[in-house]
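Q: To be precise about what I am sending: the file is called protein02.tsv and holds TSV, C-alpha atoms.
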chain	number	residue	atom	x	y	z
O	9	MET	CA	0.00	0.00	0.00
O	10	SER	CA	1.29	3.47	-0.88
O	11	LEU	CA	2.12	6.13	1.71
O	12	GLU	CA	-0.88	8.16	0.54
O	13	LYS	CA	-3.33	5.30	1.01
O	14	GLU	CA	-1.89	4.29	4.38
O	15	ILE	CA	-2.00	7.84	5.74
O	16	ASP	CA	-5.50	8.32	4.32
O	17	SER	CA	-6.59	5.19	6.20
O	18	VAL	CA	-5.12	6.31	9.53
O	19	VAL	CA	-6.61	9.81	9.24
O	20	LYS	CA	-10.03	8.43	8.26
O	21	TYR	CA	-10.05	6.06	11.26
O	22	TYR	CA	-9.47	8.85	13.81
O	23	TYR	CA	-11.66	11.36	11.97
O	24	GLU	CA	-14.64	8.99	11.96
O	25	LYS	CA	-14.17	8.36	15.69
O	26	ASP	CA	-14.48	12.16	16.24
O	27	TYR	CA	-10.95	12.73	17.48
O	28	PHE	CA	-11.06	15.94	15.44
O	29	PRO	CA	-13.56	17.60	13.08
O	30	SER	CA	-10.89	19.07	10.80
O	31	ALA	CA	-7.25	18.39	10.02
O	32	VAL	CA	-4.47	19.35	7.64
O	33	ILE	CA	-1.42	17.09	7.25
O	34	LYS	CA	1.85	17.68	5.42
O	35	ILE	CA	4.68	15.14	5.22
O	36	PHE	CA	7.92	16.16	3.55
O	37	ASP	CA	11.64	15.66	3.19
O	38	GLU	CA	14.34	18.25	2.48
O	39	ASN	CA	13.19	18.80	-1.10
O	40	ASN	CA	9.77	17.25	-1.69
O	41	VAL	CA	6.24	17.19	-0.33
O	42	LEU	CA	5.34	13.51	0.12
O	43	TYR	CA	1.78	13.99	1.37
O	44	GLU	CA	-0.47	17.02	1.76
O	45	LYS	CA	-4.21	16.84	2.42
O	46	SER	CA	-7.01	18.38	4.43
O	47	ILE	CA	-10.13	16.77	5.88
O	48	GLY	CA	-13.31	18.18	7.37
O	49	ASP	CA	-13.92	21.91	7.09
O	50	ALA	CA	-10.27	22.88	6.67
O	51	ASN	CA	-8.41	23.82	3.50
O	52	ILE	CA	-4.70	23.26	2.88
O	53	ASP	CA	-4.02	26.90	3.83
O	54	THR	CA	-6.43	27.13	6.78
O	55	MET	CA	-4.86	28.76	9.82
O	56	PHE	CA	-5.00	27.07	13.21
O	57	ASP	CA	-4.39	28.22	16.76
O	58	VAL	CA	-1.12	26.30	17.17
O	59	ALA	CA	-1.12	26.63	20.99
O	60	SER	CA	2.18	25.35	22.42
O	61	LEU	CA	3.80	25.05	19.00
O	62	THR	CA	4.35	28.75	19.70
O	63	LYS	CA	7.13	27.46	21.97
O	64	ILE	CA	9.04	26.17	18.92
O	65	VAL	CA	9.04	29.68	17.46
O	66	THR	CA	10.14	31.08	20.83
O	67	SER	CA	12.96	28.56	21.23
O	68	THR	CA	14.09	29.12	17.63
O	69	ILE	CA	14.35	32.86	18.24
O	70	ILE	CA	16.25	32.22	21.49
O	71	LEU	CA	18.70	29.92	19.67
O	72	ASN	CA	19.24	32.60	17.04
O	73	LEU	CA	19.97	35.16	19.76
O	74	ILE	CA	22.54	32.76	21.21
O	75	ASN	CA	24.14	32.40	17.78
O	76	GLU	CA	24.25	36.21	17.59
O	77	GLU	CA	26.02	36.17	20.99
O	78	LYS	CA	23.32	38.36	22.49
O	79	LEU	CA	22.51	35.56	24.92
O	80	TYR	CA	24.04	32.30	26.18
O	81	LEU	CA	22.65	28.97	27.34
O	82	ASP	CA	24.14	29.65	30.77
O	83	SER	CA	22.78	33.20	30.97
O	84	THR	CA	20.63	33.47	34.09
O	85	ILE	CA	17.35	35.22	34.69
O	86	GLY	CA	19.18	37.42	37.16
O	87	ASP	CA	21.69	38.41	34.45
O	88	ILE	CA	18.90	39.45	32.11
O	89	PHE	CA	16.33	41.02	34.44
O	90	GLU	CA	17.95	43.27	37.00
O	91	SER	CA	14.45	44.20	38.18
O	92	PHE	CA	14.00	40.70	39.64
O	93	ALA	CA	16.32	41.69	42.48
O	94	ALA	CA	13.64	43.99	43.86
O	95	TYR	CA	11.24	41.07	44.43
O	96	GLU	CA	11.97	38.89	47.42
O	97	LYS	CA	10.42	35.66	46.13
O	98	LEU	CA	12.07	35.96	42.71
O	99	LYS	CA	15.48	35.71	44.31
O	100	LYS	CA	14.81	31.95	44.38
O	101	ILE	CA	14.88	31.74	40.56
O	102	ARG	CA	17.49	34.36	39.67
O	103	SER	CA	20.04	31.60	39.03
O	104	VAL	CA	17.78	29.72	36.58
O	105	THR	CA	19.48	29.57	33.16
O	106	ILE	CA	18.20	29.85	29.60
O	107	GLU	CA	19.06	26.17	29.11
O	108	GLN	CA	16.97	25.20	32.14
O	109	LEU	CA	14.01	27.19	30.81
O	110	LEU	CA	14.31	25.58	27.35
O	111	THR	CA	14.59	22.06	28.80
O	112	HIS	CA	11.91	22.54	31.48
O	113	ARG	CA	14.33	22.06	34.36
O	114	SER	CA	13.80	25.46	35.97
O	115	GLY	CA	12.03	24.16	39.08
O	116	LEU	CA	8.89	26.15	38.22
O	117	ILE	CA	5.43	24.60	38.45
O	118	ASP	CA	3.64	23.45	35.31
O	119	TRP	CA	0.86	26.05	35.11
O	120	TYR	CA	-0.80	28.92	36.92
O	121	PRO	CA	-3.61	31.24	35.78
O	122	PHE	CA	-1.74	34.56	35.83
O	123	TYR	CA	-5.00	36.24	34.84
O	124	SER	CA	-6.45	35.43	38.26
O	125	GLU	CA	-4.01	37.88	39.88
O	126	LYS	CA	-3.51	41.64	39.57
O	127	GLY	CA	-0.25	43.20	38.48
O	128	SER	CA	2.50	43.03	35.87
O	129	PHE	CA	4.12	39.79	34.73
O	130	VAL	CA	6.98	40.23	37.18
O	131	GLU	CA	4.62	41.03	40.03
O	132	VAL	CA	2.44	37.99	39.38
O	133	LEU	CA	5.48	35.75	38.84
O	134	ASN	CA	6.68	36.87	42.27
O	135	ILE	CA	3.33	35.76	43.73
O	136	VAL	CA	3.46	32.39	41.94
O	137	VAL	CA	7.07	31.63	42.91
O	138	GLY	CA	6.21	32.50	46.50
O	139	LYS	CA	3.24	30.11	46.59
O	140	TYR	CA	4.97	26.93	45.46
O	141	ASP	CA	8.10	24.99	46.38
O	142	LYS	CA	10.76	24.35	43.76
O	143	VAL	CA	10.05	21.33	41.57
O	144	GLU	CA	12.85	18.77	41.32
O	145	GLY	CA	13.86	17.33	37.97
O	146	THR	CA	12.05	18.02	34.70
O	147	LEU	CA	8.50	19.35	34.55
O	148	TYR	CA	6.94	20.74	31.39
O	149	SER	CA	5.86	24.27	32.24
O	150	ASP	CA	4.21	27.07	30.30
O	151	ILE	CA	5.80	29.51	32.73
O	152	ASN	CA	9.27	28.69	31.38
O	153	PHE	CA	8.25	29.93	27.96
O	154	MET	CA	6.36	32.92	29.28
O	155	ILE	CA	9.70	33.97	30.76
O	156	LEU	CA	11.54	33.18	27.51
O	157	GLY	CA	9.08	35.42	25.67
O	158	GLU	CA	9.98	38.21	28.08
O	159	VAL	CA	13.68	37.43	27.53
O	160	ILE	CA	13.23	37.94	23.78
O	161	LYS	CA	11.56	41.30	24.38
O	162	GLU	CA	14.29	42.36	26.79
O	163	ILE	CA	17.22	41.32	24.60
O	164	THR	CA	15.89	42.45	21.21
O	165	LYS	CA	13.94	45.50	22.39
O	166	MET	CA	11.18	44.26	20.08
O	167	ASP	CA	7.70	43.05	20.85
O	168	LEU	CA	7.08	39.39	20.05
O	169	GLU	CA	5.22	40.22	16.84
O	170	ASP	CA	8.25	42.05	15.46
O	171	ALA	CA	10.57	39.29	16.70
O	172	LEU	CA	8.42	36.73	14.87
O	173	LYS	CA	8.68	38.82	11.70
O	174	ASN	CA	12.42	39.42	11.89
O	175	TYR	CA	13.60	36.00	13.09
O	176	ILE	CA	11.06	33.65	11.48
O	177	LYS	CA	8.88	35.15	8.75
O	178	ILE	CA	11.51	37.05	6.79
O	179	PRO	CA	14.41	34.53	7.00
O	180	LEU	CA	12.16	31.57	6.14
O	181	LYS	CA	10.06	33.51	3.61
O	182	ILE	CA	6.74	32.56	5.18
O	183	GLU	CA	3.67	34.75	5.47
O	184	ASN	CA	0.77	32.81	6.94
O	185	ILE	CA	1.95	32.97	10.56
O	186	CYS	CA	1.10	35.65	13.11
O	187	TYR	CA	-0.26	36.60	16.47
O	188	LYS	CA	-3.84	37.97	16.60
O	189	PRO	CA	-4.87	37.48	12.95
O	190	ARG	CA	-6.73	40.51	11.63
O	191	ARG	CA	-8.90	38.55	9.19
O	192	LYS	CA	-11.13	35.92	10.75
O	193	THR	CA	-11.73	33.97	7.55
O	194	ASN	CA	-10.17	30.59	6.73
O	195	ILE	CA	-9.29	30.00	10.40
O	196	ALA	CA	-10.30	26.77	12.12
O	197	PRO	CA	-12.30	27.23	15.35
O	198	SER	CA	-10.15	26.09	18.27
O	199	SER	CA	-12.67	25.56	21.08
O	200	MET	CA	-15.88	26.67	22.72
O	201	GLY	CA	-14.70	29.23	25.28
O	202	ASN	CA	-12.35	27.96	27.98
O	203	ILE	CA	-14.23	24.98	29.42
O	204	ILE	CA	-11.07	23.07	30.32
O	205	GLU	CA	-9.30	25.98	32.01
O	206	GLU	CA	-12.41	26.81	33.98
O	207	LYS	CA	-12.25	23.32	35.47
O	208	MET	CA	-8.49	23.64	36.07
O	209	CYS	CA	-9.11	26.79	38.10
O	210	LEU	CA	-12.06	25.21	39.92
O	211	ASP	CA	-9.93	22.19	40.86
O	212	ARG	CA	-7.35	24.57	42.35
O	213	ASN	CA	-9.92	26.75	44.15
O	214	ILE	CA	-8.83	29.75	42.08
O	215	ASN	CA	-11.47	32.32	41.21
O	216	PHE	CA	-11.73	34.20	37.92
O	217	ASP	CA	-14.83	35.96	36.61
O	218	GLY	CA	-13.72	37.06	33.15
O	219	TRP	CA	-14.35	33.84	31.21
O	220	ARG	CA	-15.42	33.91	27.58
O	221	SER	CA	-18.77	32.27	26.89
O	222	ASN	CA	-18.66	28.49	26.53
O	223	LYS	CA	-21.23	28.91	23.75
O	224	LYS	CA	-18.78	30.98	21.69
O	225	GLU	CA	-16.58	29.43	19.02
O	226	LEU	CA	-13.07	30.84	19.30
O	227	ILE	CA	-11.98	31.76	15.79
O	228	GLY	CA	-8.80	33.78	15.43
O	229	GLU	CA	-8.78	34.31	19.19
O	230	VAL	CA	-6.21	32.28	21.11
O	231	ASN	CA	-7.60	29.45	23.23
O	232	ASP	CA	-4.92	29.62	25.92
O	233	GLY	CA	-6.16	31.62	28.90
O	234	ASN	CA	-2.85	33.11	29.99
O	235	SER	CA	-2.08	34.23	26.46
O	236	HIS	CA	-5.55	35.71	25.93
O	237	TYR	CA	-6.55	37.17	29.30
O	238	PHE	CA	-3.13	38.15	30.64
O	239	PHE	CA	-0.86	38.80	27.63
O	240	GLY	CA	-3.46	40.13	25.19
O	241	GLY	CA	-2.89	37.23	22.78
O	242	VAL	CA	0.88	37.66	22.37
O	243	ALA	CA	3.10	35.44	24.54
O	244	GLY	CA	6.11	33.15	24.39
O	245	HIS	CA	4.17	29.99	25.25
O	246	ALA	CA	1.01	30.38	23.14
O	247	GLY	CA	-0.73	32.76	20.79
O	248	ILE	CA	0.54	32.04	17.29
O	249	PHE	CA	-1.80	31.24	14.41
O	250	ALA	CA	-0.39	29.58	11.31
O	251	ASP	CA	-1.10	27.25	8.45
O	252	VAL	CA	0.61	23.90	8.00
O	253	ASN	CA	2.95	25.26	5.33
O	254	SER	CA	4.42	27.82	7.75
O	255	TYR	CA	5.40	25.15	10.27
O	256	SER	CA	6.59	22.90	7.45
O	257	GLU	CA	9.08	25.60	6.50
O	258	ILE	CA	10.21	25.78	10.13
O	259	GLY	CA	10.53	21.99	10.13
O	260	LYS	CA	12.46	22.06	6.86
O	261	ALA	CA	14.85	24.59	8.36
O	262	TYR	CA	15.63	22.14	11.17
O	263	LEU	CA	15.87	19.22	8.71
O	264	THR	CA	18.42	20.99	6.53
O	265	THR	CA	20.34	23.23	8.93
O	266	GLN	CA	24.07	22.88	9.33
O	267	ASP	CA	24.03	25.15	12.37
O	268	GLU	CA	25.58	23.29	15.29
O	269	LEU	CA	23.30	24.76	17.98
O	270	LEU	CA	20.09	24.11	16.06
O	271	ILE	CA	21.20	20.52	15.42
O	272	LYS	CA	22.10	20.02	19.09
O	273	SER	CA	18.77	21.51	20.14
O	274	MET	CA	17.14	18.28	18.95
O	275	ASP	CA	19.30	16.11	21.24
O	276	ASP	CA	18.07	14.76	24.57
O	277	TYR	CA	19.33	17.03	27.35
O	278	GLY	CA	17.70	14.77	29.93
O	279	GLU	CA	14.30	13.20	30.58
O	280	GLY	CA	13.19	13.55	26.98
O	281	ARG	CA	13.72	17.27	26.59
O	282	GLY	CA	15.81	19.14	24.04
O	283	LEU	CA	16.22	22.88	23.67
O	284	GLY	CA	12.51	23.46	23.13
O	285	TRP	CA	11.91	19.99	21.66
O	286	GLN	CA	10.41	16.83	23.12
O	287	LEU	CA	11.87	13.37	22.54
O	288	SER	CA	9.54	10.41	23.06
O	289	ASP	CA	7.96	7.46	21.26
O	290	VAL	CA	5.38	9.89	19.88
O	291	TYR	CA	8.23	11.29	17.75
O	292	PRO	CA	10.14	8.13	16.68
O	293	GLU	CA	13.80	8.48	15.73
O	294	GLY	CA	13.61	12.24	16.11
O	295	CYS	CA	11.90	14.95	18.08
O	296	GLY	CA	8.79	17.04	18.01
O	297	HIS	CA	6.28	19.10	19.92
O	298	SER	CA	2.53	19.27	20.29
O	299	GLY	CA	-0.04	21.96	20.97
O	300	PHE	CA	-3.02	21.62	23.28
O	301	THR	CA	-5.49	22.52	20.53
O	302	GLY	CA	-4.42	19.46	18.50
O	303	THR	CA	-1.35	20.54	16.55
O	304	SER	CA	2.05	18.86	16.26
O	305	ILE	CA	5.35	18.80	14.41
O	306	TRP	CA	7.74	15.83	14.05
O	307	ILE	CA	11.29	15.95	12.69
O	308	SER	CA	13.57	12.97	12.02
O	309	ARG	CA	16.92	14.16	10.67
O	310	ARG	CA	18.11	10.55	10.81
O	311	ASN	CA	15.48	9.60	8.25
O	312	HIS	CA	15.39	12.91	6.39
O	313	ILE	CA	11.68	13.29	6.96
O	314	ALA	CA	9.22	15.43	8.89
O	315	ALA	CA	5.49	15.91	9.39
O	316	VAL	CA	3.19	18.70	10.50
O	317	ILE	CA	-0.30	17.73	11.66
O	318	PHE	CA	-2.84	20.42	12.53
O	319	THR	CA	-6.23	19.50	13.98
O	320	ASN	CA	-8.78	21.32	16.09
O	321	ARG	CA	-9.37	18.44	18.50
O	322	LEU	CA	-11.07	20.63	21.13
O	323	MET	CA	-14.00	20.99	18.73
O	324	GLY	CA	-14.34	17.20	18.66
O	325	ASP	CA	-14.98	14.72	21.45
O	326	TRP	CA	-11.98	15.96	23.44
O	327	ARG	CA	-13.24	14.53	26.75
O	328	ASN	CA	-12.50	11.00	25.57
O	329	THR	CA	-9.56	11.46	23.25
O	330	ASN	CA	-5.83	12.03	23.27
O	331	LEU	CA	-4.04	12.56	19.98
O	332	ASN	CA	-0.74	10.94	20.94
O	333	GLN	CA	-1.73	7.52	19.64
O	334	PHE	CA	-2.90	9.14	16.39
O	335	ARG	CA	0.47	10.87	16.12
O	336	ARG	CA	2.36	7.61	16.84
O	337	ASP	CA	0.35	5.81	14.19
O	338	MET	CA	0.99	8.57	11.65
O	339	HIS	CA	4.73	8.86	12.27
O	340	ASN	CA	5.35	5.12	12.42
O	341	CYS	CA	3.33	4.67	9.24
O	342	VAL	CA	5.63	7.14	7.51
O	343	LEU	CA	8.75	5.31	8.73
O	344	ARG	CA	7.41	1.90	7.70
O	345	ASN	CA	6.63	3.18	4.23
O	346	LEU	CA	10.05	4.83	3.97
O	347	ARG	CA	11.83	1.61	4.89
O	348	ARG	CA	9.81	-0.42	2.39
O	349	ALA	CA	10.70	2.07	-0.31
O	350	ASN	CA	14.41	1.78	0.56
O	351	GLN	CA	14.51	-2.04	0.56
Could you rewrite the structure in this file as structure tokens?

A:
Amino acid sequence: MSLEKEIDSVVKYYYEKDYFPSAVIKIFDENNVLYEKSIGDANIDTMFDVASLTKIVTSTIILNLINEEKLYLDSTIGDIFESFAAYEKLKKIRSVTIEQLLTHRSGLIDWYPFYSEKGSFVEVLNIVVGKYDKVEGTLYSDINFMILGEVIKEITKMDLEDALKNYIKIPLKIENICYKPRRKTNIAPSSMGNIIEEKMCLDRNINFDGWRSNKKELIGEVNDGNSHYFFGGVAGHAGIFADVNSYSEIGKAYLTTQDELLIKSMDDYGEGRGLGWQLSDVYPEGCGHSGFTGTSIWISRRNHIAAVIFTNRLMGDWRNTNLNQFRRDMHNCVLRNLRRANQ
């Protein structure tokens, strides 16, 4: 069976079980598109709320700043933000390095609704750090990339929209990627309000009264609560909207780069974390990252192949589904087909 037919079969299986109402998939090597299709209400160039795939843009910008010697992996938060010294609780994290933020070994908790507190980012971060003990080992945390977003702003003296333009859009010659899209057409709905975050806050006995209606489809408005309510839609951890082609160009840049730091960023720095990347069986013989809304990217330099899969799973039966098995099936299908072709 051809790659196209095998992938079609996998996608159809999960689509018919309501894992997602719409999807766009692109599989490619350094020079060729091997598979590109949409299903449901999406077109090939439909934009999606990529959620935590924003982190890949953030980490890529950070790596570029390191290559420009404007920053170093061992630069500390205290080095970068002198203002942290004025906050008692933040003294606990002043020694956290850029590498620890990128690899999720900062000791910060996984998530906190910054929008439930009053004050600036630094003021609320001071509250959060004061509330929780340091986490040992590796823990995936949005807060790491919120801080990295602020690092980019501090080092470049640009807002994140301009940093996205100058470090990603222009060098990679891509257009269909942005924060806060002006046009609301050809954008996949990401969710109905913030049902999941409401429960997360309820479970933590945290009050917030500014929720968007759970009867409202979010179209061109970021799903992530911290990005939307606290950062106005522009943050280092979430907020980017893009089509599959935009992230395919980012993936191709990592597939083809000869830059030592970018190549090393895809290595395991411990407990399945690279410099922004995740390494696990979801991303066989390579690395990748996922977004809460149902997006993902997979890169295998070893096999000279990559895939970008965008879905809007939160508009499907998200209570009963997790896309990781779908992603495993897709990526392993690609590798099986590749090996058959090379026999």

Q: Could you list, as a PyMOL selection string, every residue within 7 Å of Ile47 (chain O), counting only C-alpha atoms and ignoring same-chain residues fewer than 4 positions away?

A: chain O and resi 30-32

Q: Out of O:Glu90, O:Glu12, O:Glu293, O:Glu44, which residue has the shortest atom-to-atom distance to Ile317 (chain O) when counting all atoms listed in the file?

A: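 The closest residue to Ile317 (chain O) is O:Glu44.
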
Q: Could you pull the residues within 12 Å of region 169-171 of chain O, counting only C-alpha atoms, minus those fewer than 2 positions along the same chain, as a PyMOL selection string?

A: chain O and resi 62+65-70+72-73+157-167+173-179+185-189+241-244+247-249

Q: Would you output that residue set with C-alpha atoms, as a PDB file, keeping the file's coordinate frame?

A:
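Just written: part36.pdb:
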ATOM      1  CA  THR O  62       4.350  28.750  19.700  1.00  0.00           C
ATOM      2  CA  VAL O  65       9.040  29.680  17.460  1.00  0.00           C
ATOM      3  CA  THR O  66      10.140  31.080  20.830  1.00  0.00           C
ATOM      4  CA  SER O  67      12.960  28.560  21.230  1.00  0.00           C
ATOM      5  CA  THR O  68      14.090  29.120  17.630  1.00  0.00           C
ATOM      6  CA  ILE O  69      14.350  32.860  18.240  1.00  0.00           C
ATOM      7  CA  ILE O  70      16.250  32.220  21.490  1.00  0.00           C
ATOM      8  CA  ASN O  72      19.240  32.600  17.040  1.00  0.00           C
ATOM      9  CA  LEU O  73      19.970  35.160  19.760  1.00  0.00           C
ATOM     10  CA  GLY O 157       9.080  35.420  25.670  1.00  0.00           C
ATOM     11  CA  GLU O 158       9.980  38.210  28.080  1.00  0.00           C
ATOM     12  CA  VAL O 159      13.680  37.430  27.530  1.00  0.00           C
ATOM     13  CA  ILE O 160      13.230  37.940  23.780  1.00  0.00           C
ATOM     14  CA  LYS O 161      11.560  41.300  24.380  1.00  0.00           C
ATOM     15  CA  GLU O 162      14.290  42.360  26.790  1.00  0.00           C
ATOM     16  CA  ILE O 163      17.220  41.320  24.600  1.00  0.00           C
ATOM     17  CA  THR O 164      15.890  42.450  21.210  1.00  0.00           C
ATOM     18  CA  LYS O 165      13.940  45.500  22.390  1.00  0.00           C
ATOM     19  CA  MET O 166      11.180  44.260  20.080  1.00  0.00           C
ATOM     20  CA  ASP O 167       7.700  43.050  20.850  1.00  0.00           C
ATOM     21  CA  LYS O 173       8.680  38.820  11.700  1.00  0.00           C
ATOM     22  CA  ASN O 174      12.420  39.420  11.890  1.00  0.00           C
ATOM     23  CA  TYR O 175      13.600  36.000  13.090  1.00  0.00           C
ATOM     24  CA  ILE O 176      11.060  33.650  11.480  1.00  0.00           C
ATOM     25  CA  LYS O 177       8.880  35.150   8.750  1.00  0.00           C
ATOM     26  CA  ILE O 178      11.510  37.050   6.790  1.00  0.00           C
ATOM     27  CA  PRO O 179      14.410  34.530   7.000  1.00  0.00           C
ATOM     28  CA  ILE O 185       1.950  32.970  10.560  1.00  0.00           C
ATOM     29  CA  CYS O 186       1.100  35.650  13.110  1.00  0.00           C
ATOM     30  CA  TYR O 187      -0.260  36.600  16.470  1.00  0.00           C
ATOM     31  CA  LYS O 188      -3.840  37.970  16.600  1.00  0.00           C
ATOM     32  CA  PRO O 189      -4.870  37.480  12.950  1.00  0.00           C
ATOM     33  CA  GLY O 241      -2.890  37.230  22.780  1.00  0.00           C
ATOM     34  CA  VAL O 242       0.880  37.660  22.370  1.00  0.00           C
ATOM     35  CA  ALA O 243       3.100  35.440  24.540  1.00  0.00           C
ATOM     36  CA  GLY O 244       6.110  33.150  24.390  1.00  0.00           C
ATOM     37  CA  GLY O 247      -0.730  32.760  20.790  1.00  0.00           C
ATOM     38  CA  ILE O 248       0.540  32.040  17.290  1.00  0.00           C
ATOM     39  CA  PHE O 249      -1.800  31.240  14.410  1.00  0.00           C
TER      40      PHE O 249
END

Q: Extract, using only C-alpha atoms, all DNA, RNA and protein residues at most 10 Å from Ser304 (chain O), discarding same-chain residues fewer than 4 positions from it, and format them as a ChimeraX atom specification.

A: /O:33,58-61,252,255,291,296-300,315-319,331-332,335

Q: For C-alpha atoms, I'd like the residues from the last selection saved as a short mmCIF file (atom, residue, chain, number, x, y, z; two decimals), in the frame of the given file.

A:
data_model
loop_
_atom_site.label_atom_id
_atom_site.label_comp_id
_atom_site.auth_asym_id
_atom_site.auth_seq_id
_atom_site.Cartn_x
_atom_site.Cartn_y
_atom_site.Cartn_z
CA ILE O 33 -1.42 17.09 7.25
CA VAL O 58 -1.12 26.30 17.17
CA ALA O 59 -1.12 26.63 20.99
CA SER O 60 2.18 25.35 22.42
CA LEU O 61 3.80 25.05 19.00
CA VAL O 252 0.61 23.90 8.00
CA TYR O 255 5.40 25.15 10.27
CA TYR O 291 8.23 11.29 17.75
CA GLY O 296 8.79 17.04 18.01
CA HIS O 297 6.28 19.10 19.92
CA SER O 298 2.53 19.27 20.29
CA GLY O 299 -0.04 21.96 20.97
CA PHE O 300 -3.02 21.62 23.28
CA ALA O 315 5.49 15.91 9.39
CA VAL O 316 3.19 18.70 10.50
CA ILE O 317 -0.30 17.73 11.66
CA PHE O 318 -2.84 20.42 12.53
CA THR O 319 -6.23 19.50 13.98
CA LEU O 331 -4.04 12.56 19.98
CA ASN O 332 -0.74 10.94 20.94
CA ARG O 335 0.47 10.87 16.12
#

Q: Could you jot down the CA of Ala196 (chain O) to CA of Thr301 (chain O) separation for me, Å, one decimal place?

A: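 CA of Ala196 (chain O) sits 10.6 Å away from CA of Thr301 (chain O).
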
Q: Please return, as a PyMOL selection string, all polymer residues that have at least one atom within 12 Å of the point (11.9, 14.3, 21.5); use all atoms listed in the file and the file's own coordinate frame.

A: chain O and resi 111+272-298+305-309

Q: I'd like to know which of O:Met55, O:Ala246, O:Leu226, O:Ile85 is closest to Leu168 (chain O), using all atoms listed in the file.

A: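 Going through O:Met55, O:Ala246, O:Leu226, O:Ile85 one by one, the smallest distance to Leu168 (chain O) is for O:Ala246.
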
Q: Could you please determine the separation between CA of Ser221 (chain O) and CA of Ile203 (chain O) in Å, to one decimal place?

A: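 That distance, rounded to one decimal, is 9.0 Å.
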
Q: For a quick check of understanding, using all atoms listed in the file, which of O:Leu110, O:Ile64, O:Leu98, O:Val104 has the smallest distance to Leu172 (chain O)?

A: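 Among O:Leu110, O:Ile64, O:Leu98, O:Val104, it is O:Ile64 that comes nearest to Leu172 (chain O).
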
Q: By how many Å are CA of Thr84 (chain O) and CA of Glu268 (chain O) apart?

A: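 Going from CA of Thr84 (chain O) over to CA of Glu268 (chain O) covers 21.9 Å.
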
Q: From the list O:Ser124, O:Ser10, O:Thr105, O:Asn350, which residue is nearest Arg212 (chain O) when using only C-alpha atoms?

A: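 Checking each candidate against Arg212 (chain O), we get O:Ser124 as the closest.
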
Q: Point out the residue among O:Gly324, O:Pro121, O:Asp82, O:Phe334 with the least atom-to-atom distance to Asn213 (chain O), counting all atoms listed in the file.

A: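 That would be O:Pro121, the residue with the smallest distance to Asn213 (chain O).
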